Amino acid sequence: MSTNVRTRFAPSPTGFMHVGNLRTALYEYLVAKSLGGTFVLRIEDTDQERKVEGAVDIIYNTMRRAGLIHDEGPDIGGDYGPYVQSERKDMYLPYAKKLIEKGQAYYCFCTKERLDMLRESSDEPGAGYDRHCRDLPAEEVQRNLDAGMPYVIRQKMPLEGSTTFEDAVYGSITVENSELQDQILIKADGFPTYNFANVIDDHTMNITHVVRGSEYLSSTPKYNLLYEAFGWKIPTYIHLPLIMGKNDDGTVSKLSKRHGATSFEDLVAAGYLPEAIINYIALLGWAPKDNREMFTLQELVESFSIDGISKSPAVFDYDKLDWFNSEYIKAMTVEAFAAAAEPYFRKALGDMQLDRIKLASILQQRTVRLTEIPEKIAFFAEQPEYDASLFVNKKSKTTLENSPSLLKEGINALEALEKWDHDSIHDCLIGLAVELGVKNGTAMWPVRIAASGMSVTPGGAVEILDILGREESLRRLYKGLEKLS
RNA sequence: GGCCCGGUGGUCAAGCGGCUAAGACACCGCCCUUUCACGGCGGUAACACGGGUUCGAUUCCCGUCCGGGUCACCA
């Protein structure tokens, strides 16, 4: 028997992809793919007031860059379309009316003002709707309808008893029905609310596994009541632990914009690779059976299982993301890294023609985020003003006294070089150290400082000289010598 | 505040009645080394608390405390 597993990612087009959403999408993808199922993309745009131009494209782009390829969706179609809720608008009202017929829902003519007043006049923080229209006489309802009075449709919650549902992660959860509000199903503008559209769409799209953040845990009983009212099969619920952010005061709360770079686009702009981001967030709330940490998307599909999902919230840790990113960078080929780094090379060097592969090879092992690159190599384009004190280094045994002669000897040796390439420069300087009877570092230090003007550089003296080229190298070394005298 | 969920080192986390309580990140030290890194080796650091159940609880139950989520014509 092959009940096809179907999951859906149902973002609303807000203009950015929050990592919490991305992680939900990832898990939905993994649940589907690890079970040989289908991954559906559905756009939830029922809130006409919050519509953002171009936001859907951001969703497509993010999904593609993250590698989360959907099997059905607005852009590629499928058997259960349309996949945009605004295009399904007409589907929802009939379902709501069916509920009214069954006595599970009702028209409500209360104005927004009355609702606001209700809220304000109550001293209970959680006080909700007073069910004023719940038992309106049928004639009055009809009269209002005929008069064209604006209305919403509300779900009629049971006043007694309790509702229990099973969650694949959190287990059995029971809520007293008296806690449940008569939530709105259809808004005054005719659009369904998220909660209602969700149930209708998930059912009509044959979604078998509903994966979402645990912030929906407490509203799930309402969903179940809806499914039961229609006599529909209840999907498997998989609620995910929340991703938290650290606040300035040391507390934590649901990760949001105020915690910094928290959207996929933000993170990419901050110099993180999509693969590293995916790998990291996969491990926020899920752990494999073994100790493994490095996963490609495909490997995640192979290792994923629902019972590895944890219940407790996870704090988003930029340090760990940094580590993943540097690991991914180190694992790239130099060519791939050079390509990824190119925009940052340009930023620091402009049109200056330096060997990109050589640059990449000295940077690759020491780059955590791509965005660090420009500041690391800016000295190649223009040597910064530096102080002679940089020539002093205890470990290398260099001082203001011995540096001038050391540097002069270096210049002499280098000027005699026939070929200016890495190995020649290397052998030349090492040979010099031997000749002078000093440590390699002692001979190298003044050269590197004069060539770069920086105490810390990517690569050593040899690499820098090689990349800089003979002419510019010598020019800088002489300048250093001048500074020392 | 009501309701729901959670609670293993600073962070992510293994563990699912008996372990010297893994591993990773971060941090610290040492080594390597032409700087910084990288790499190698080692180290500091945890079962929130109190009751039970049991021969035995980090693991099961209850309570307390703490943390989070949720109570919209937002999703």
# chains A, B, ... in the order shown; residues from 1 in each chain; ligands from 1

$ interface_residues --of "chain B" --to "chain A" --cutoff "12 Å" --atoms "only C-alpha atoms (C1' of nucleotides)" --output "mmCIF file with C-alpha atoms (C1' of nucleotides), in the first residue's frame"
data_model
loop_
_atom_site.group_PDB
_atom_site.id
_atom_site.type_symbol
_atom_site.label_atom_id
_atom_site.label_comp_id
_atom_site.auth_asym_id
_atom_site.auth_seq_id
_atom_site.Cartn_x
_atom_site.Cartn_y
_atom_site.Cartn_z
ATOM 1 C "C1'" G B 1 -3.325 36.352 33.634
ATOM 2 C "C1'" G B 2 -5.693 31.465 31.328
ATOM 3 C "C1'" C B 3 -4.154 27.528 28.350
ATOM 4 C "C1'" C B 4 -0.237 24.686 25.817
ATOM 5 C "C1'" C B 5 4.876 23.114 25.415
ATOM 6 C "C1'" G B 6 9.731 22.662 27.112
ATOM 7 C "C1'" G B 7 14.153 22.318 30.946
ATOM 8 C "C1'" U B 8 21.531 17.655 29.858
ATOM 9 C "C1'" G B 10 27.725 29.503 27.319
ATOM 10 C "C1'" U B 11 25.295 27.316 22.417
ATOM 11 C "C1'" C B 12 23.580 22.883 19.310
ATOM 12 C "C1'" A B 13 23.010 18.131 21.163
ATOM 13 C "C1'" A B 14 23.491 12.225 22.114
ATOM 14 C "C1'" G B 15 21.136 9.522 26.052
ATOM 15 C "C1'" C B 16 15.267 6.651 25.912
ATOM 16 C "C1'" A B 22 29.111 11.152 23.959
ATOM 17 C "C1'" G B 23 30.222 14.599 20.078
ATOM 18 C "C1'" A B 24 30.274 19.596 17.770
ATOM 19 C "C1'" C B 25 30.716 25.144 18.225
ATOM 20 C "C1'" A B 26 32.777 28.722 21.432
ATOM 21 C "C1'" C B 27 36.619 29.384 25.163
ATOM 22 C "C1'" U B 33 54.667 27.509 11.581
ATOM 23 C "C1'" U B 34 57.616 33.217 7.360
ATOM 24 C "C1'" U B 35 52.467 36.884 10.459
ATOM 25 C "C1'" C B 36 47.314 35.505 11.034
ATOM 26 C "C1'" A B 37 44.894 31.398 10.075
ATOM 27 C "C1'" C B 38 44.637 26.107 8.957
ATOM 28 C "C1'" G B 39 45.990 21.519 11.186
ATOM 29 C "C1'" C B 66 12.509 28.843 35.367
ATOM 30 C "C1'" G B 67 12.015 29.535 30.088
ATOM 31 C "C1'" G B 68 9.122 29.807 25.721
ATOM 32 C "C1'" G B 69 4.592 29.816 22.804
ATOM 33 C "C1'" U B 70 -0.418 31.275 22.292
ATOM 34 C "C1'" C B 71 -4.883 33.859 23.317
ATOM 35 C "C1'" A B 72 -6.414 39.201 15.976
ATOM 36 C "C1'" C B 73 -11.321 40.260 10.371
ATOM 37 C "C1'" C B 74 -1.839 38.411 10.876
ATOM 38 C "C1'" A B 75 -0.048 34.376 8.996
#

$ select_by_dssp --residues "region 327-408 of chain A" --states "helix (DSSP H, G or I)" --output "JSON, numbers by chain"
{"A": [327, 328, 329, 330, 331, 334, 335, 336, 337, 338, 339, 340, 341, 342, 343, 344, 345, 346, 347, 348, 349, 356, 357, 358, 359, 360, 361, 362, 363, 364, 365, 366, 370, 371, 372, 373, 374, 375, 376, 377, 378, 379, 380, 381, 388, 389, 390, 391, 403, 404, 405, 406, 407, 408]}

$ select_by_dssp --residues "region 224-354 of chain A" --states "strand (DSSP E)" --output "ChimeraX atom specification"
/A:236-240,243-246,252-254,314-315

$ write_last_selection --atoms "N, CA, C and O atoms" --output "PDB file, in the first residue's frame"
ATOM      1  N   THR A 236      -1.232  13.934   9.662  1.00  0.00           N
ATOM      2  CA  THR A 236      -0.219  13.743  10.694  1.00  0.00           C
ATOM      3  C   THR A 236       0.382  15.108  11.001  1.00  0.00           C
ATOM      4  O   THR A 236       0.817  15.812  10.096  1.00  0.00           O
ATOM      5  N   TYR A 237       0.368  15.477  12.258  1.00  0.00           N
ATOM      6  CA  TYR A 237       0.938  16.766  12.632  1.00  0.00           C
ATOM      7  C   TYR A 237       2.389  16.588  13.057  1.00  0.00           C
ATOM      8  O   TYR A 237       2.723  15.681  13.817  1.00  0.00           O
ATOM      9  N   ILE A 238       3.233  17.458  12.549  1.00  0.00           N
ATOM     10  CA  ILE A 238       4.640  17.458  12.949  1.00  0.00           C
ATOM     11  C   ILE A 238       4.989  18.881  13.333  1.00  0.00           C
ATOM     12  O   ILE A 238       5.258  19.721  12.478  1.00  0.00           O
ATOM     13  N   HIS A 239       4.938  19.157  14.616  1.00  0.00           N
ATOM     14  CA  HIS A 239       5.266  20.509  15.056  1.00  0.00           C
ATOM     15  C   HIS A 239       6.745  20.603  15.396  1.00  0.00           C
ATOM     16  O   HIS A 239       7.300  19.716  16.049  1.00  0.00           O
ATOM     17  N   LEU A 240       7.350  21.685  14.951  1.00  0.00           N
ATOM     18  CA  LEU A 240       8.790  21.869  15.100  1.00  0.00           C
ATOM     19  C   LEU A 240       9.119  22.824  16.254  1.00  0.00           C
ATOM     20  O   LEU A 240       8.442  23.820  16.440  1.00  0.00           O
ATOM     21  N   ILE A 243      12.858  28.320  16.673  1.00  0.00           N
ATOM     22  CA  ILE A 243      14.230  28.821  16.620  1.00  0.00           C
ATOM     23  C   ILE A 243      14.243  30.143  17.371  1.00  0.00           C
ATOM     24  O   ILE A 243      13.465  31.044  17.072  1.00  0.00           O
ATOM     25  N   MET A 244      15.103  30.235  18.347  1.00  0.00           N
ATOM     26  CA  MET A 244      15.132  31.406  19.209  1.00  0.00           C
ATOM     27  C   MET A 244      16.336  32.296  18.896  1.00  0.00           C
ATOM     28  O   MET A 244      17.342  31.846  18.361  1.00  0.00           O
ATOM     29  N   GLY A 245      16.188  33.550  19.289  1.00  0.00           N
ATOM     30  CA  GLY A 245      17.299  34.477  19.143  1.00  0.00           C
ATOM     31  C   GLY A 245      17.648  35.015  20.509  1.00  0.00           C
ATOM     32  O   GLY A 245      16.792  35.109  21.384  1.00  0.00           O
ATOM     33  N   LYS A 246      18.910  35.348  20.677  1.00  0.00           N
ATOM     34  CA  LYS A 246      19.343  35.888  21.965  1.00  0.00           C
ATOM     35  C   LYS A 246      19.099  37.394  21.990  1.00  0.00           C
ATOM     36  O   LYS A 246      19.496  38.111  21.079  1.00  0.00           O
ATOM     37  N   VAL A 252      15.941  35.031  25.740  1.00  0.00           N
ATOM     38  CA  VAL A 252      15.746  34.578  24.369  1.00  0.00           C
ATOM     39  C   VAL A 252      14.274  34.682  24.004  1.00  0.00           C
ATOM     40  O   VAL A 252      13.413  34.666  24.870  1.00  0.00           O
ATOM     41  N   SER A 253      14.015  34.812  22.723  1.00  0.00           N
ATOM     42  CA  SER A 253      12.643  34.801  22.239  1.00  0.00           C
ATOM     43  C   SER A 253      12.664  34.392  20.771  1.00  0.00           C
ATOM     44  O   SER A 253      13.724  34.305  20.161  1.00  0.00           O
ATOM     45  N   LYS A 254      11.489  34.121  20.250  1.00  0.00           N
ATOM     46  CA  LYS A 254      11.374  33.664  18.877  1.00  0.00           C
ATOM     47  C   LYS A 254      12.234  34.537  17.972  1.00  0.00           C
ATOM     48  O   LYS A 254      12.116  35.755  17.982  1.00  0.00           O
ATOM     49  N   ALA A 314      15.567  25.916  20.052  1.00  0.00           N
ATOM     50  CA  ALA A 314      17.000  25.996  19.805  1.00  0.00           C
ATOM     51  C   ALA A 314      17.417  27.442  19.542  1.00  0.00           C
ATOM     52  O   ALA A 314      16.772  28.151  18.783  1.00  0.00           O
ATOM     53  N   VAL A 315      18.467  27.858  20.174  1.00  0.00           N
ATOM     54  CA  VAL A 315      18.981  29.212  19.975  1.00  0.00           C
ATOM     55  C   VAL A 315      19.875  29.250  18.735  1.00  0.00           C
ATOM     56  O   VAL A 315      20.774  28.424  18.588  1.00  0.00           O
TER      57      VAL A 315
END
